[in-house]
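Just my_file.tsv here, TSV, C-alpha atoms:
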chain	number	residue	atom	x	y	z
I	226	MET	CA	0.00	0.00	0.00
I	227	THR	CA	1.18	3.55	-0.77
I	228	CYS	CA	1.29	6.37	1.77
I	229	ASP	CA	-1.60	8.13	-0.05
I	230	ARG	CA	-3.77	5.02	0.31
I	231	ILE	CA	-2.82	4.75	3.99
I	232	GLU	CA	-3.81	8.39	4.51
I	233	ASP	CA	-7.26	7.61	3.09
I	234	LEU	CA	-7.67	4.78	5.58
I	235	LEU	CA	-6.03	6.39	8.60
I	236	THR	CA	-9.11	8.00	10.24
I	237	ALA	CA	-11.13	4.81	9.78
I	238	TYR	CA	-8.19	2.86	11.27
I	239	ALA	CA	-8.02	5.22	14.27
I	240	ASP	CA	-11.78	4.78	14.75
I	241	GLY	CA	-11.52	0.98	14.51
I	242	GLU	CA	-13.79	0.86	11.47
I	243	LEU	CA	-11.56	-1.04	9.01
I	244	ARG	CA	-12.09	-4.59	7.84
I	245	PRO	CA	-9.50	-7.00	9.37
I	246	GLU	CA	-7.45	-7.37	6.18
I	247	GLU	CA	-7.26	-3.58	5.71
I	248	ARG	CA	-6.34	-3.11	9.36
I	249	VAL	CA	-3.49	-5.61	9.05
I	250	ALA	CA	-2.24	-3.92	5.89
I	251	VAL	CA	-2.27	-0.48	7.55
I	252	GLU	CA	-0.43	-1.80	10.62
I	253	ARG	CA	2.20	-3.44	8.43
I	254	HIS	CA	2.74	-0.17	6.53
I	255	ILE	CA	2.92	1.94	9.68
I	256	ARG	CA	5.59	-0.30	11.20
I	257	ALA	CA	7.74	0.32	8.14
I	258	CYS	CA	6.89	4.01	7.47
I	259	PRO	CA	7.83	6.62	10.10
I	260	ALA	CA	5.97	9.40	8.23
I	261	CYS	CA	2.64	7.55	8.35
I	262	ALA	CA	3.30	6.44	11.93
I	263	GLY	CA	3.92	10.08	12.85
I	264	LEU	CA	0.71	11.09	11.11
I	265	LEU	CA	-1.25	8.46	13.07
I	266	ASP	CA	0.23	9.76	16.34
I	267	SER	CA	-0.71	13.31	15.36
I	268	LEU	CA	-4.21	12.23	14.38
I	269	ARG	CA	-4.72	10.62	17.78
I	270	ALA	CA	-3.29	13.68	19.52
I	271	ALA	CA	-5.57	15.98	17.49
I	272	ASP	CA	-8.64	13.83	18.24
I	273	SER	CA	-7.82	13.83	21.93
I	274	ALA	CA	-7.17	17.58	22.05
I	275	LEU	CA	-10.36	18.40	20.13
I	276	ALA	CA	-12.46	16.17	22.38
I	277	ARG	CA	-11.03	17.97	25.41
I	278	PHE	CA	-11.40	21.43	23.92
I	279	PRO	CA	-12.65	23.65	26.73
I	280	GLU	CA	-15.91	25.54	26.65
I	281	VAL	CA	-15.72	29.22	27.54
I	282	GLU	CA	-18.31	31.06	29.59
I	283	PRO	CA	-20.15	33.80	27.74
I	284	PRO	CA	-19.67	37.22	29.37
I	285	ALA	CA	-22.38	38.23	31.87
I	286	ALA	CA	-23.06	41.42	29.89
I	287	LEU	CA	-23.87	39.31	26.84
I	288	ARG	CA	-26.40	37.22	28.80
I	289	GLU	CA	-28.07	40.45	29.97
I	290	LYS	CA	-28.34	41.61	26.37
I	291	LEU	CA	-29.81	38.26	25.35
I	292	TYR	CA	-32.39	38.39	28.17
I	293	ALA	CA	-33.39	41.89	26.98
I	294	ILE	CA	-34.13	40.82	23.41
I	295	PRO	CA	-37.88	39.94	23.87
I	296	ALA	CA	-38.52	43.22	25.74
I	297	LEU	CA	-36.62	45.10	23.07
I	298	ARG	CA	-38.81	43.50	20.42
I	299	LYS	CA	-42.01	44.50	22.26
I	300	PHE	CA	-40.75	48.07	22.53
I	301	ARG	CA	-39.88	48.08	18.84
I	302	PHE	CA	-43.29	46.59	18.03
I	303	GLY	CA	-44.98	49.46	19.94
I	304	LEU	CA	-42.93	52.03	18.08
I	305	ASP	CA	-43.66	50.33	14.76
I	306	VAL	CA	-47.40	50.63	15.39
I	307	LEU	CA	-47.09	54.30	16.26
I	308	LEU	CA	-44.89	55.04	13.26
I	309	ARG	CA	-47.13	53.39	10.66
I	310	PRO	CA	-47.44	55.65	7.57
I	311	ALA	CA	-51.25	55.64	7.89
I	312	LEU	CA	-50.98	57.34	11.28
I	313	GLN	CA	-48.62	60.08	10.13
I	314	PRO	CA	-51.33	62.68	9.16
I	315	VAL	CA	-53.02	62.08	12.52
I	316	LEU	CA	-49.71	62.50	14.34
I	317	ALA	CA	-48.98	65.69	12.33
I	318	ALA	CA	-52.41	67.15	13.19
I	319	ALA	CA	-51.94	66.22	16.83
I	320	ALA	CA	-48.54	67.93	16.82
I	321	VAL	CA	-50.06	71.15	15.36
I	322	MET	CA	-52.88	71.11	17.92
I	323	LEU	CA	-50.41	70.51	20.71
I	324	THR	CA	-48.29	73.45	19.54
I	325	LEU	CA	-51.34	75.76	19.41
I	326	PHE	CA	-52.55	74.69	22.85
I	327	THR	CA	-49.08	75.13	24.28
I	328	PHE	CA	-48.86	78.58	22.73
I	329	TYR	CA	-52.29	79.50	24.17
I	330	PHE	CA	-51.75	78.16	27.71
I	331	PHE	CA	-48.30	79.64	28.17
I	332	SER	CA	-48.91	82.95	26.38
I	333	PRO	CA	-48.73	86.11	28.58
I	334	ALA	CA	-51.54	87.66	26.43
I	335	LYS	CA	-53.93	84.85	27.28
I	336	GLY	CA	-56.67	87.37	28.30
I	337	GLU	CA	-56.42	89.25	25.03
I	338	ILE	CA	-56.54	86.00	23.11
I	339	ASN	CA	-59.66	85.03	25.02
I	340	LYS	CA	-61.28	88.42	24.23
I	341	ALA	CA	-60.31	88.22	20.57
I	342	VAL	CA	-61.60	84.67	20.33
I	343	SER	CA	-64.84	85.67	22.08
I	344	ARG	CA	-65.26	88.70	19.79
I	345	GLN	CA	-64.63	86.59	16.72
I	346	PHE	CA	-67.03	83.98	18.01
I	347	HIS	CA	-69.81	86.52	18.58
I	348	GLN	CA	-69.19	88.22	15.25
I	349	GLY	CA	-69.34	84.87	13.55
I	350	TYR	CA	-72.48	83.99	15.43
I	351	SER	CA	-74.21	87.27	14.49
I	352	ARG	CA	-73.19	86.76	10.84
I	353	ILE	CA	-74.73	83.32	10.90
I	354	GLU	CA	-77.92	84.77	12.41
I	355	LYS	CA	-78.10	87.46	9.71
I	356	LEU	CA	-77.50	84.88	7.02
I	357	TYR	CA	-80.22	82.74	8.52
I	358	ALA	CA	-82.64	85.72	8.53
I	359	LYS	CA	-81.76	86.53	4.94
I	360	ALA	CA	-82.27	82.93	4.01
I	361	GLY	CA	-85.71	83.07	5.71
I	362	SER	CA	-86.80	86.18	3.77
I	363	LEU	CA	-85.49	84.65	0.55
I	364	THR	CA	-87.54	81.53	1.25
I	365	ASP	CA	-90.62	83.71	1.84
I	366	SER	CA	-90.13	85.70	-1.36
I	367	LEU	CA	-89.48	82.48	-3.32
I	368	GLY	CA	-92.68	81.06	-1.81
I	369	GLY	CA	-94.61	84.21	-2.93
I	370	PHE	CA	-93.09	83.98	-6.38
I	371	ALA	CA	-94.07	80.31	-6.63
I	372	ASP	CA	-97.68	81.18	-5.66
I	373	ASN	CA	-97.84	83.90	-8.33
I	374	VAL	CA	-96.52	81.46	-10.94
I	375	LEU	CA	-99.16	78.91	-10.00
I	376	VAL	CA	-101.96	81.50	-10.17
I	377	SER	CA	-100.72	82.66	-13.59
I	378	LEU	CA	-100.56	79.09	-14.86
I	379	LYS	CA	-104.12	78.45	-13.76
I	380	LYS	CA	-105.27	81.48	-15.76
I	381	VAL	CA	-103.52	80.32	-18.93
I	382	ASN	CA	-105.72	78.11	-21.23
I	383	PRO	CA	-103.49	76.04	-23.47
I	384	LEU	CA	-106.38	75.30	-25.99
I	385	GLY	CA	-107.22	79.01	-26.40
I	386	LYS	CA	-110.74	78.54	-25.00
I	387	SER	CA	-111.90	80.65	-22.15
I	388	ASP	CA	-114.03	79.33	-19.29
I	389	GLU	CA	-115.89	82.57	-19.22
L	172	MET	CA	-35.56	29.90	29.26
L	173	LEU	CA	-33.84	29.73	25.88
L	174	VAL	CA	-30.99	32.03	26.93
L	175	ASP	CA	-30.13	29.80	29.91
L	176	LEU	CA	-30.28	26.65	27.82
L	177	TYR	CA	-28.51	27.75	24.68
L	178	SER	CA	-26.41	30.87	25.21
L	179	LYS	CA	-23.26	28.96	26.21
L	180	LYS	CA	-23.62	26.47	23.38
L	181	ILE	CA	-24.21	29.15	20.75
L	182	PHE	CA	-21.47	31.40	22.11
L	183	ASN	CA	-18.92	28.57	22.04
L	184	MET	CA	-19.99	27.52	18.56
L	185	SER	CA	-19.58	31.12	17.37
L	186	TYR	CA	-16.24	31.54	19.14
L	187	GLN	CA	-14.80	28.30	17.80
L	188	PHE	CA	-16.02	29.08	14.30
L	189	ALA	CA	-15.08	32.77	14.13
L	190	GLY	CA	-12.03	32.63	16.41
L	191	SER	CA	-12.72	36.07	17.89
L	192	PHE	CA	-14.23	36.61	21.33
L	193	GLN	CA	-15.67	40.01	20.40
L	194	GLU	CA	-17.02	38.66	17.13
L	195	ALA	CA	-18.59	35.72	18.97
L	196	GLU	CA	-20.49	38.12	21.27
L	197	ASP	CA	-21.96	40.00	18.30
L	198	LEU	CA	-22.75	36.79	16.44
L	199	THR	CA	-24.46	35.22	19.47
L	200	GLN	CA	-26.59	38.32	19.88
L	201	ASP	CA	-27.51	38.32	16.18
L	202	ILE	CA	-28.41	34.63	16.34
L	203	PHE	CA	-30.75	35.16	19.31
L	204	VAL	CA	-32.40	38.15	17.61
L	205	LYS	CA	-32.90	35.95	14.55
L	206	LEU	CA	-34.33	33.21	16.78
L	207	HIS	CA	-36.92	35.62	18.21
L	208	HIS	CA	-37.89	36.70	14.70
L	209	THR	CA	-38.27	33.18	13.36
L	210	LEU	CA	-39.60	31.37	16.43
L	211	THR	CA	-43.13	31.52	15.02
L	212	LYS	CA	-41.94	29.49	12.01
L	213	TYR	CA	-40.68	26.62	14.19
L	214	ASP	CA	-42.43	23.34	13.43
L	215	PHE	CA	-43.17	21.66	16.78
L	216	GLY	CA	-42.73	18.24	15.20
L	217	LYS	CA	-39.01	18.92	14.73
L	218	ASN	CA	-36.10	18.68	17.14
L	219	PHE	CA	-35.74	22.21	18.52
L	220	THR	CA	-32.00	21.97	19.29
L	221	ALA	CA	-31.21	20.79	15.77
L	222	TRP	CA	-33.47	23.49	14.31
L	223	PHE	CA	-31.83	26.22	16.39
L	224	LEU	CA	-28.30	25.00	15.69
L	225	THR	CA	-29.13	24.96	11.96
L	226	LEU	CA	-30.25	28.57	12.25
L	227	ALA	CA	-27.00	29.40	14.08
L	228	LYS	CA	-24.89	27.52	11.54
L	229	ASN	CA	-26.59	29.30	8.63
L	230	HIS	CA	-25.97	32.67	10.22
L	231	LEU	CA	-22.32	31.89	10.96
L	232	ILE	CA	-21.63	30.66	7.44
L	233	ASP	CA	-23.50	33.60	5.88
L	234	GLU	CA	-21.41	36.00	7.95
L	235	TYR	CA	-18.26	34.05	7.08
L	236	ARG	CA	-19.04	34.43	3.38
L	237	ARG	CA	-19.92	38.08	3.79
L	238	THR	CA	-16.91	39.13	5.85
L	239	LYS	CA	-14.35	36.50	4.88
L	240	TRP	CA	-12.96	35.75	8.31
L	241	GLU	CA	-10.41	33.42	6.82
L	242	LYS	CA	-8.42	36.49	5.84
L	243	LYS	CA	-8.38	37.69	9.42
L	244	GLN	CA	-6.27	36.39	12.25
L	245	ARG	CA	-7.97	34.35	14.90
L	246	ASP	CA	-7.59	35.54	18.48
L	247	ASP	CA	-4.56	34.13	20.21
L	248	PHE	CA	-5.32	30.99	22.16
L	249	ASP	CA	-6.15	33.57	24.76
L	250	GLU	CA	-6.90	33.66	28.44
L	251	HIS	CA	-10.52	32.67	28.03
L	252	VAL	CA	-9.59	29.33	26.52
L	253	ARG	CA	-6.48	28.71	28.60
L	254	THR	CA	-8.25	29.38	31.88
L	255	ALA	CA	-11.11	27.10	30.93
L	256	ALA	CA	-8.67	24.37	29.87
L	257	ALA	CA	-6.83	24.56	33.16
L	258	ASP	CA	-10.11	24.31	35.05
L	259	ASP	CA	-11.24	21.31	33.04
L	260	ASP	CA	-8.19	19.20	33.63
L	261	PRO	CA	-5.29	20.67	35.58
L	262	GLU	CA	-3.20	17.49	35.14
L	263	HIS	CA	-2.95	17.92	31.41
L	264	GLY	CA	0.50	19.06	30.50
L	265	LEU	CA	2.05	21.69	28.34
L	266	ALA	CA	2.09	19.41	25.28
L	267	GLU	CA	-1.68	19.06	25.33
L	268	GLU	CA	-2.09	22.82	25.63
L	269	GLU	CA	0.35	23.33	22.77
L	270	ASN	CA	-1.67	20.89	20.66
L	271	ARG	CA	-4.86	22.79	21.44
L	272	LYS	CA	-3.15	26.04	20.57
L	273	MET	CA	-2.06	24.64	17.20
L	274	LEU	CA	-5.50	23.20	16.50
L	275	TRP	CA	-7.17	26.48	17.45
L	276	ALA	CA	-5.07	28.27	14.84
L	277	GLY	CA	-5.46	25.31	12.46
L	278	LEU	CA	-9.26	25.61	12.44
L	279	ASN	CA	-8.82	28.74	10.34
L	280	VAL	CA	-7.15	26.71	7.61
L	281	LEU	CA	-10.19	24.47	7.18
L	282	ALA	CA	-12.95	25.30	4.70
L	283	ASN	CA	-16.06	26.70	6.40
L	284	ASP	CA	-18.25	23.60	5.97
L	285	MET	CA	-15.43	21.33	7.14
L	286	ARG	CA	-14.70	23.59	10.11
L	287	MET	CA	-18.36	23.61	11.13
L	288	ALA	CA	-18.56	19.80	10.90
L	289	ILE	CA	-15.39	19.40	13.02
L	290	ILE	CA	-16.70	21.85	15.65
L	291	LEU	CA	-20.05	20.08	15.94
L	292	LYS	CA	-18.74	16.52	15.93
L	293	GLU	CA	-15.27	16.61	17.46
L	294	ILE	CA	-15.52	19.58	19.83
L	295	GLN	CA	-19.21	19.70	20.74
L	296	GLY	CA	-19.54	15.91	20.71
L	297	LYS	CA	-22.56	15.51	18.43
L	298	THR	CA	-23.18	12.27	16.56
L	299	TYR	CA	-22.76	12.03	12.78
L	300	GLU	CA	-26.55	11.88	12.43
L	301	GLU	CA	-27.05	15.02	14.52
L	302	VAL	CA	-24.37	16.87	12.53
L	303	ALA	CA	-25.99	15.73	9.29
L	304	GLU	CA	-29.37	17.06	10.47
L	305	ILE	CA	-27.88	20.41	11.49
L	306	LEU	CA	-25.87	20.82	8.30
L	307	GLY	CA	-28.66	19.47	6.10
L	308	VAL	CA	-26.37	17.03	4.24
L	309	PRO	CA	-26.17	13.20	4.13
L	310	VAL	CA	-24.29	11.35	6.88
L	311	GLY	CA	-21.74	10.13	4.31
L	312	THR	CA	-20.89	13.70	3.36
L	313	VAL	CA	-20.47	14.61	7.03
L	314	LYS	CA	-18.13	11.66	7.63
L	315	SER	CA	-16.07	12.57	4.60
L	316	ARG	CA	-15.77	16.23	5.65
L	317	ILE	CA	-14.83	15.32	9.20
L	318	ASN	CA	-12.25	12.72	8.17
L	319	ARG	CA	-10.60	15.16	5.77
L	320	GLY	CA	-10.64	17.86	8.44
L	321	ARG	CA	-9.13	15.58	11.08
L	322	LEU	CA	-6.39	14.54	8.69
L	323	GLN	CA	-5.64	18.16	7.83
L	324	LEU	CA	-5.38	19.06	11.53
L	325	ALA	CA	-3.22	15.99	12.18
L	326	LYS	CA	-0.82	17.15	9.46
L	327	ILE	CA	-0.60	20.56	11.12
L	328	LEU	CA	0.41	18.89	14.40
L	329	ARG	CA	2.87	16.55	12.66
L	330	ASN	CA	4.53	19.41	10.79
L	331	ARG	CA	4.92	21.34	14.03
L	332	LYS	CA	6.52	18.31	15.71
L	333	GLU	CA	8.87	17.89	12.78
L	334	ARG	CA	9.88	21.54	12.96
L	335	THR	CA	10.48	21.20	16.71
L	336	HIS	CA	12.70	18.15	16.09
L	337	ASP	CA	14.65	20.02	13.43
L	338	LEU	CA	15.40	22.78	15.93
Turn this file's structure into structure tokens for me.
Amino acid sequence: MTCDRIEDLLTAYADGELRPEERVAVERHIRACPACAGLLDSLRAADSALARFPEVEPPAALREKLYAIPALRKFRFGLDVLLRPALQPVLAAAAVMLTLFTFYFFSPAKGEINKAVSRQFHQGYSRIEKLYAKAGSLTDSLGGFADNVLVSLKKVNPLGKSDE
Amino acid sequence: MLVDLYSKKIFNMSYQFAGSFQEAEDLTQDIFVKLHHTLTKYDFGKNFTAWFLTLAKNHLIDEYRRTKWEKKQRDDFDEHVRTAAADDDPEHGLAEEENRKMLWAGLNVLANDMRMAIILKEIQGKTYEEVAEILGVPVGTVKSRINRGRLQLAKILRNRKERTHDL
């Protein structure tokens, strides 16, 4: 057997998985070949060292971060809901309202604002009343006009004959 | 809780694969964030550990491909590992520690899929079947990768011994 062939069989030999005739052939080669014998020793040493490879403890700070992940997700979920595009006009309107209210409540001229608002309110109210009155008189005059039209229509004889 | 059960396993897997303690912290955190995102997709009929380790393996290999760790140096066989080794078996001599040191550096020479198979089977002590399930490849492929990886690591140790003899 060549060294290349022995290399192919070496891990199976170390694991005791070779057929008896192959095992004998490998052992015969190893006795005569220091390079392959050295490789077998190294393979066994590597297997042993890997099997005894120590586990390291993760840092405590990392564990804390890992514990915080579900809470972090919930917080992000809450923010995601608030920051949905559909809610942006509502949030913008709320921000404008909040600004106006803040301006009103903390303004030194709060009394004047109140008076101005009250004056505007009353002016608006009186305008609405006037408009309402005008609308009422318009309705009356339209009603009178409609009556006149009806009376005129009754007097008109489409066949040209007169009842009289 | 999942953190108690799996943080050490995932951290060690990341550390052994990436070779950097700082990198392993970031990777472990990323893997747990990914777990929380994909937990709803877990099929309760499947083995959870294998499913989670597959997720971790996929993330590690994706990051490996993206950042090409093989071009970077691994951490020295640093205090974290040495301290743990001493705690595990104080009777083990300097030669064993030297072998571990060489193998630690040697892991970087292995291809990513071979390195992952070696870590799962030889270091973490999984069976061939478990490794095959995690890697999503046939058992024969796993055996072949592991045998080639072991032989490659053995050659690294042999070459070091030969160099020591020459000196």
Using all atoms listed in the file, find which residues of chain L lie within 7 Å of chain I and jot them down as a list of chain:residue names.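 Interface list for chain L against chain I: L:Val174, L:Lys179, L:Phe182, L:Asn183, L:Glu196, L:Gln200, L:Phe203, L:Val204, L:His251, L:Val252, L:Ala255, L:Ala256, L:Asp259, L:Glu267, L:Asn270, L:Arg271, L:Glu293, L:Ile294, L:Asn318, L:Arg321, L:Leu322, L:Leu324, L:Ala325, L:Lys326, L:Leu328, L:Arg329.
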Pairwise distance, CA of Asn330 (chain L) with CA of Asp229 (chain I), equals 16.8 Å
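Proximity of L:Phe192, L:Tyr177, L:Phe248, L:Tyr186 to Phe219 (chain L), computed with all atoms listed in the file, is greatest for L:Tyr177.
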Can you work out the spacing between CA of Tyr357 (chain I) and CA of Arg344 (chain I) in Å, to one decimal? 19.7 Å
What's the separation between CA of Arg245 (chain L) and CA of Ser191 (chain L), in Å to one decimal place?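 Here the two named atoms are 5.9 Å from each other.
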